[in-house]
Amino acid sequence: MRLRVLPCALAALFSHTLAQADDFVIQRVLVEGARASQLGIADSANAGSVSQKELEMRTIYRPGELLEAAPGLIASQHSGEGKANQFYLRGFNLDHGTDLATWIDEMPVNQRSHAHGQGWTDLNFLIPELTARLDYRKGPYSAREGDFASAGSASITYANRLVRDVATLSVGQNGYARTALAASKDALGGALTYALELLHNDGPYTHPDDYQKVNGVLRYSRGYANNGWSVTAMAYHGRWNSTDQIPERAVDEGRLGRFDAIDDSDGGEARRYSLSGVWRQTTADSASKVSAYLIRNQLDLWSNFTYFMNDPVHGDQFAQPDRRVTSGVNALHTWHAHRGDTVTSDLSVGLQAQNDNIFNGLLHTQARQTLDVTRQDHIVETSRAAWIESATRWGESFRSIVGLRADGYRFRVRSDLTSARASASDTLLSPSLNLVFGPWKSSELYLNYGQGFHSNDARGAVTSSEPLVRSRGMEIGLRTEAIPKMQTALSLYRLDFDSELSYVGDEGTTEAGSPSRRIGIEFSNYYKPVKWLAIDFDAAFARARSREVEAGQDRIPGAVEGVGQLAVTASQLGRNGAWEGALRLRYFGPRPLVEDNSVRSHASTTLNGRIGYRIAKDLRLELEGFNLANKRVSSIDYYYASQLRGELEPREDIHFHPLESRSFRLTLIKNW
Amino acid sequence: MSLKRFIRQCAGAAVLAGACALAPAHNFHAAITDISYNERTGSLEVVHTYMAHDVEALLTNLYQRQFDLSDPDDQAVFRKYVEKQFWLADKDKRRLPLNWVGMTADAQNVMVFQEVLQTPSAKVEFIHDAVLTDFMPDQLNTVNLTVAGSLRTFGFSSSHTEFSVH
């Protein structure tokens, strides 16, 4: 049969205007194998979307590292594998997720007023096999985003149905074993999608993590994502031992090895169960979405960061149990209007409500046995928000997105020890304005301004600190595809916070501090010169300073100054295109560890890689390598006082958690 | 190529092009299918022309992920959908064996090529076309069937997915 090119060519000849999306949130699909262009879609130079295929090509040591697909973001770990990751972005040490709002399938992952750290983001329940896409944006420029989204936000979407079912089996060094099954089938007029994951990992530690994970997802969906609904149940259980950060002096003196633990009984256990639903309806002129969720989270966490400083006899181990039920609903409606052939406008309104019913505490323990209770609270934190956003396309070369968001919070705390009750409430209006200029064929210039916020821990909000803390961001950005096969984005931003949330290493908590200002630049490049080769190069630098503090005391501990990555990904290599591979070099820049900048952590550069081979059409083998150069560097450093057994007094020191030594994992992947 | 066929293809292209040009004002969703007998090969040839954006939106909303329609694995996903939604049948309602010949995709259009070996146009008695009409209520699919040199045109929509030729 002849391929008839004539109708196609004629159509192309006649059609000089690209069709607009009915569904304003979907991404354009690709026909050239390249990353989807964000020109004409994104509201800022820093926003983006990562496809399932790109995510599959990444080498990830732990699920949270999927977020590193967002340029400039670092996810590390300072403790046992089951604990929430430690995140860095835009000159922030985000601790376990402060100021980084993470969503999975319309459910918030951040846990507010958490026992261990504000905005606790435990992504261990994330199943990569179900992940269809990752969307990210940075800065407080969207009325759609509220709490914790000032530095950035990441949203992960699970697939309603899989193109192909998948089963994987992995084995690796350091006691690593994982198996996962993800499949979908047509049922009852819709699609039933399910996944099960089992994992064990010891890590390179002298006292093995013995991290055991059981994780499952069950979803039923009807119709299409933009015109249909889905109901999802998730269940996750993990338990682990922790090797917390250790003092450098003990390693230097030969008292401890780099992978040794000080308190063998540190560790934790986490459970997460959720039931959620999403309904969407889209017509040519409007779109509606309603999602609701009910999440049960339980955490038991035992840590010891100061060893024998506060209690030379029993030690300083503390427990931070947290049990909560989070419920919420999000609704949005968009009207699509047009005037003439060139002006189109989407007016969106949204409502959000969330309630957290929390029982958490801080207990002094020894070998996980309670010695005394420091505090134990029942917290009820309720928030609601309404937002409005107008996105207008004023012809071919100019777009504007104007938004306004109103948030109201109520905090109620009852102490289980004293029965004292306290409450507080706060409201905040957050405007945002984004202007996009695109008079050029393949470039856009962005001007972004927005106000955002983070909520403080309820236990602090009802006493001293401000419940909701204002942030203000502004940014100028450029995105260009002027160089063929290359996508480049450049952002220059400033972000102010009325009060900085910072991690207190020796207490394992976050506390509200002085105002701050960050000025930074981000440079992101994606180059795909030929179909089989892609090169990523990202670099980000940030200057973070506290304000209204004494001269010389303005550094923000842990604030990362530079982040970069260079990745080369090749696919469809060799005969039959059976080989693929990737190498990723990650630069994690230096951080001041104290306010006067007299102690700093070192920068580190690490290399990960993977090789894949397609044995048969539906069978692949992958070898992943982590820390290939076997660098002896830190995942994280803190500077504070601690006292080891046998030491007569506390000593200020750098405390570090080592990056995992070189290790390999072999994975067999079967599709059908 | 006959003049009539050329005019028909021009008309089809113009309709699609017009749809594209109108899109910002009102998102118009249309597809053209051309069914004709190729005397040289003795086969019944079917050519579908869809708007690329509509196919993109369809696949993204089915699987929530991005698709690369130059990738054979991703093409197979669209093939599975088209083969489920479009078919031809004879007078006894037996489906004609439509073979998948291939597809092409560019920024504007996705074209799908199918054929029924050694079968004249006259054998087609029923046409079922629900491609994209299940996804977008305002989708209109125009099917041109050429039998013995005469052209017949059928309009498919979400409320009318099947036609009897006679």
# chains A, B, ... in the order shown; residues from 1 in each chain; ligands from 1

$ select_by_dssp --residues "region 187-359 of chain A" --states "strand (DSSP E)" --output "count of residues only"
113

$ residues_around --residues "Val469 (chain A)" --least-positions-apart "5" --cutoff "8 Å" --atoms "only C-alpha atoms" --output "VMD selection string"
chain A and resid 453 to 456 497 to 499

$ write_last_selection --atoms "C-alpha atoms" --output "PDB file, in the first residue's frame"
ATOM      1  CA  PHE A 453       3.313  30.833  52.919  1.00  0.00           C
ATOM      2  CA  HIS A 454       4.073  27.921  55.163  1.00  0.00           C
ATOM      3  CA  SER A 455       2.214  26.992  58.285  1.00  0.00           C
ATOM      4  CA  ASN A 456       4.107  26.577  61.515  1.00  0.00           C
ATOM      5  CA  PHE A 497      10.360  34.626  54.090  1.00  0.00           C
ATOM      6  CA  ASP A 498       9.021  36.455  57.117  1.00  0.00           C
ATOM      7  CA  SER A 499      10.363  33.625  59.242  1.00  0.00           C
TER       8      SER A 499
END

$ closest_residue --among "A:Phe588, A:Trp229, A:Tyr446, A:Tyr613" --to "Ser634 (chain A)" --atoms "only C-alpha atoms"
A:Phe588

$ residues_around --residues "region 435-443 of chain A" --least-positions-apart "6" --cutoff "8 Å" --atoms "only C-alpha atoms" --output "PyMOL selection string"
chain A and resi 39+43-44+396-401+478-482

$ residues_around --residues "region 340-352 of chain A" --least-positions-apart "5" --cutoff "10 Å" --atoms "only C-alpha atoms" --output "PyMOL selection string"
(chain A and resi 20+24+143-144+146+285-292+328-335+383-396+398-407) or (chain B and resi 21-26)

$ residues_around --residues "Tyr409 (chain A)" --least-positions-apart "2" --cutoff "6 Å" --atoms "only C-alpha atoms" --output "tab-separated table (two decimals) with N, CA and C atoms, in the first residue's frame"
chain	number	residue	atom	x	y	z
A	382	THR	N	-7.09	22.46	61.14
A	382	THR	CA	-8.06	22.53	60.05
A	382	THR	C	-7.73	23.71	59.15
A	383	SER	N	-7.77	23.47	57.87
A	383	SER	CA	-7.52	24.58	56.95
A	383	SER	C	-8.52	24.56	55.83
A	425	SER	N	-5.77	30.85	65.35
A	425	SER	CA	-6.24	30.80	63.97
A	425	SER	C	-5.56	31.94	63.21
A	426	ASP	N	-5.54	31.78	61.92
A	426	ASP	CA	-4.85	32.77	61.10
A	426	ASP	C	-5.41	32.70	59.69

$ residues_around --residues "Val116 (chain B)" --least-positions-apart "3" --cutoff "7 Å" --atoms "only C-alpha atoms" --output "list in words"
Ser43, Leu44, Glu45, Leu96, Pro97, Leu98, Asn99 and Thr119 of chain B

$ write_last_selection --atoms "N, CA and C atoms" --output "PDB file, in the first residue's frame"
ATOM      1  N   SER B  43      -6.666  -4.731  -3.224  1.00  0.00           N
ATOM      2  CA  SER B  43      -7.008  -4.614  -1.803  1.00  0.00           C
ATOM      3  C   SER B  43      -7.921  -3.420  -1.544  1.00  0.00           C
ATOM      4  N   LEU B  44      -8.657  -3.527  -0.486  1.00  0.00           N
ATOM      5  CA  LEU B  44      -9.465  -2.405  -0.006  1.00  0.00           C
ATOM      6  C   LEU B  44      -8.587  -1.594   0.935  1.00  0.00           C
ATOM      7  N   GLU B  45      -8.394  -0.314   0.620  1.00  0.00           N
ATOM      8  CA  GLU B  45      -7.478   0.505   1.415  1.00  0.00           C
ATOM      9  C   GLU B  45      -8.247   1.498   2.280  1.00  0.00           C
ATOM     10  N   LEU B  96     -14.697  -7.657   8.386  1.00  0.00           N
ATOM     11  CA  LEU B  96     -13.663  -7.860   7.377  1.00  0.00           C
ATOM     12  C   LEU B  96     -12.296  -7.786   8.052  1.00  0.00           C
ATOM     13  N   PRO B  97     -11.378  -8.644   7.639  1.00  0.00           N
ATOM     14  CA  PRO B  97     -10.052  -8.674   8.309  1.00  0.00           C
ATOM     15  C   PRO B  97      -9.194  -7.458   7.933  1.00  0.00           C
ATOM     16  N   LEU B  98      -9.268  -6.431   8.747  1.00  0.00           N
ATOM     17  CA  LEU B  98      -8.506  -5.195   8.500  1.00  0.00           C
ATOM     18  C   LEU B  98      -7.072  -5.366   8.990  1.00  0.00           C
ATOM     19  N   ASN B  99      -6.141  -5.321   8.059  1.00  0.00           N
ATOM     20  CA  ASN B  99      -4.732  -5.414   8.463  1.00  0.00           C
ATOM     21  C   ASN B  99      -4.181  -4.024   8.752  1.00  0.00           C
ATOM     22  N   THR B 119     -10.169  -7.662  -1.518  1.00  0.00           N
ATOM     23  CA  THR B 119     -11.578  -7.408  -1.201  1.00  0.00           C
ATOM     24  C   THR B 119     -12.039  -6.140  -1.928  1.00  0.00           C
TER      25      THR B 119
END

$ residues_around --residues "Arg662 (chain A)" --least-positions-apart "3" --cutoff "7 Å" --atoms "only C-alpha atoms" --output "ChimeraX atom specification"
/A:626-628,630

$ closest_residue --among "A:Pro431, A:Gly589, A:Pro515, A:Gly564" --to "Ala70 (chain A)" --atoms "only C-alpha atoms"
A:Gly564
